[in-house]
Amino acid sequence: MKNDKVYEVNFDGLVGPTHNHAGLSFGNVASGKHAEMAASPKKAALQGLEKMKALADLGLKQGVLPPHERPHLPTLKRLGFQGSDSDIIAKVLKEAPHFLRSVSSASNMWVANAATVSPFLDTADGKTHFTPANLCSMFHRAIEPETTGRILQGIFSSGDYVHHAPLPSGTHFSDEGAANHTRFCEGYDKEGVEFFVYGASSFNTALPRPQRYPARQTLEASETIARIHRLNPAKTVFAQQNPAAIDAGVFHNDVIAVGNRNVLFYHEQAFVDTPEVIRQLNAAYGGDGLVYIEVAANQVPLKDAVSSYLFNSQLICPEGAAGATLVVPRECREISSVNAYLEELSCNNPHINKVMDFDLRQSMRNGGGPACLRLRVVLSQLQLESLGARVILDESLYQDLKGWINRHYRDTLLPEDLKDPALLVESRQALDELVQLLHLGAVYEFQSA
């Protein structure tokens with residue numbers, strides 16, 4: 001592949017038809033704040049699609065990943081509920097109504113948590129490795145890995161890829177995917193440094209831990225992924241997230257830091273020992289090629305960083321651009337400290353000299369911004385052309401997806417609407433049509449029932 005152009009492709013998750021605000025994610029401040037509010041699945045999906053289209057129009061390679069089947073009846077069956085689909089929903093409502101919210105969550109739209117991906121340029125066998133995140137910290141997300149694995153295997157189906165099983169479930173190997181993983185490189189066609197950030201260690205009790213909210217990524221999970229992906233230890237760095245940041249609502253590293261190519265953009269309270277993190281990254285990268293842009297707490301207080309999702313942004317490098325572009329949620333413009341910082345950044349920093357903001361309010365209210373919505377995969381031109389599905393966004397696919405959303409999605413959905421058996425039928429019909437549009441085949445349990 002030496003003469004084959006290489007890209008970093010952003011695969012965004014399509015928001016699912018059951019998108020609602022149920023407040024399921026403990027430690028996610030926005031999720032709890034907006035619980036019980038009316039949601040708009042149609043608006044949520046269209047907002048995400050418009051962001052994808054805008055980035056594709058800049059010349060970036062943009063992919064899409066389909067939502068999961070929700071409500072997820074296979075989970076309810078494993079929990080002992082039997083009968084027809086409508087019977088099962090009725091029994092759950094009577095005996096354990098709280099289960100219905102969990103199995104109806106559209107949280108799988110945040111595909112930054114779908115998996116950790118190590119490109120072929122970084123691995124000992126020259127293949128791209130995928131490990132679906134086990135997401136064992138939250139019940140509503142722990143039901144995702146099986147479907148995620150089928151989707152990824154359907155898209156990345158050639159011998160260029162290695163698909164691993166999720167790590168063993170349980171708190172010792174709690175893994176939340178690429179939201180805690182960043183890759184630095186001189187160019188996408190070069191070997192990179194893989195940077196893993198963890199919240200706590202399961203076995204090293206000397207390391208600090210958050211006191212208010214759980215640490216969702218363990219050191220042991222990150223080390224295991226690096227091992228099974230066959231990464232070069234000299235090019236792999238592990239860093240601990242600041243427990244105070246986790247307790248402030250920074251449930252993943254991508255809520256407090258974002259990196260791309262040779263730039264790390266982060267808050268000064270992101271890590272336990274920032275000087276040591278920088279020392280290790282420089283040693284792994286070699287030389288002084290990495291650029292560190294630290295945002296001071298007196299410029300952007302931690303609470304403003306969390307509420308705006310300033311760091312849950314995308315750092316992108318459009319072809320021919322002199323510097324990087326920061327893609328932020330529109331909320332960043334509505335918080336004075338963050339807006340002032342961004343104005344100064346775009347005017348005075350040659351490394352990030354443009355800011356684009358998008359209305360992703362529906363996703364933001366559930367606790368996920370631009371970075372949560374995308375999974376980054378490094379692909380060569382040949383690999384792009386041989387993907388096992390129609391998932392790279394172009395004008396035709398954009399129009400097809402827009403029409404599909406407008407045909408199948410509800411304008412408004414309240415948590416109480418989840419009890420409607422028709423929602424299951426609508427969702428399955430939509431997903432059945434979607435995988436045909438994407439040429440993906442049967443990836444959902446209901447398609448093989």
# chains A, B, ... in the order shown; residues from 1 in each chain; ligands from 1
$ residues_around --residues "segment 97-108 of chain A" --least-positions-apart "6" --cutoff "10 Å" --atoms "only C-alpha atoms" --output "PyMOL selection string"
chain A and resi 13-25+41+65-76+79+89-91+114+138-145+147-148+363+366-368+373+415-416+418-419+423-424
$ select_by_dssp --residues "segment 83-154 of chain A" --states "helix (DSSP H, G or I)" --output "number ranges by chain"
A: 85-95, 97-104, 107-109, 111-113, 139-142, 145-154
$ residues_around --residues "Lys127 of chain A" --least-positions-apart "3" --cutoff "6 Å" --atoms "only C-alpha atoms" --output "MDAnalysis selection string"
chainID A and resid 120 160:161
$ select_by_dssp --residues "segment 23-219 of chain A" --states "strand (DSSP E or B)" --output "MDAnalysis selection string"
chainID A and resid 39 62:65 115:118 123 128:132 161:163 181:184 193:198 200 218
$ residues_around --residues "segment 272-281 of chain A" --least-positions-apart "4" --cutoff "7 Å" --atoms "only C-alpha atoms" --output "PDB file with N, CA, C and O atoms, in the first residue's frame"
ATOM      1  N   VAL A 237       1.380   5.040  24.392  1.00  0.00           N
ATOM      2  CA  VAL A 237       1.448   5.816  25.631  1.00  0.00           C
ATOM      3  C   VAL A 237       0.128   5.680  26.391  1.00  0.00           C
ATOM      4  O   VAL A 237      -0.959   5.756  25.791  1.00  0.00           O
ATOM      5  N   ALA A 239      -2.020   7.262  29.712  1.00  0.00           N
ATOM      6  CA  ALA A 239      -2.076   8.404  30.621  1.00  0.00           C
ATOM      7  C   ALA A 239      -3.356   8.336  31.438  1.00  0.00           C
ATOM      8  O   ALA A 239      -4.391   7.868  30.949  1.00  0.00           O
ATOM      9  N   GLN A 240      -3.281   8.818  32.688  1.00  0.00           N
ATOM     10  CA  GLN A 240      -4.466   8.791  33.528  1.00  0.00           C
ATOM     11  C   GLN A 240      -5.218  10.117  33.449  1.00  0.00           C
ATOM     12  O   GLN A 240      -4.640  11.197  33.536  1.00  0.00           O
ATOM     13  N   GLN A 241      -6.523   9.996  33.319  1.00  0.00           N
ATOM     14  CA  GLN A 241      -7.403  11.145  33.341  1.00  0.00           C
ATOM     15  C   GLN A 241      -7.467  11.713  34.755  1.00  0.00           C
ATOM     16  O   GLN A 241      -7.370  10.974  35.748  1.00  0.00           O
ATOM     17  N   ASN A 242      -7.610  13.014  34.855  1.00  0.00           N
ATOM     18  CA  ASN A 242      -7.707  13.676  36.148  1.00  0.00           C
ATOM     19  C   ASN A 242      -9.012  13.275  36.844  1.00  0.00           C
ATOM     20  O   ASN A 242     -10.096  13.526  36.314  1.00  0.00           O
ATOM     21  N   TYR A 285       6.840   9.864  19.924  1.00  0.00           N
ATOM     22  CA  TYR A 285       6.703  10.490  18.606  1.00  0.00           C
ATOM     23  C   TYR A 285       8.060  10.711  17.953  1.00  0.00           C
ATOM     24  O   TYR A 285       8.228  10.563  16.755  1.00  0.00           O
TER      25      TYR A 285
END
$ residues_around --residues "Val250 of chain A" --least-positions-apart "3" --cutoff "12 Å" --atoms "only C-alpha atoms" --output "count of residues only"
45
$ closest_residue --among "A:Pro168, A:Gly83, A:Gly159, A:Gly63" --to "Asn134 of chain A" --atoms "only C-alpha atoms"
A:Pro168
$ residues_around --residues "segment 334-339 of chain A" --least-positions-apart "4" --cutoff "7 Å" --atoms "only C-alpha atoms" --output "number ranges by chain"
A: 299-300, 308, 343
$ residues_around --residues "Gly48 of chain A" --least-positions-apart "4" --cutoff "10 Å" --atoms "only C-alpha atoms" --output "list in words"
Asp12, Gly13, Leu14, Val15, Lys43, Ala44, Met52, Lys53, Met109, Phe358, Asp359, Leu360, Arg361, Gln362, Ser363, Gly369, Pro370 and Leu373 of chain A
$ atom_distance --atom1 "atom CA of Glu176 of chain A" --atom2 "atom CA of Leu135 of chain A"
5.2 Å
$ atom_distance --atom1 "atom CA of Val263 of chain A" --atom2 "atom CA of Leu384 of chain A"
25.4 Å
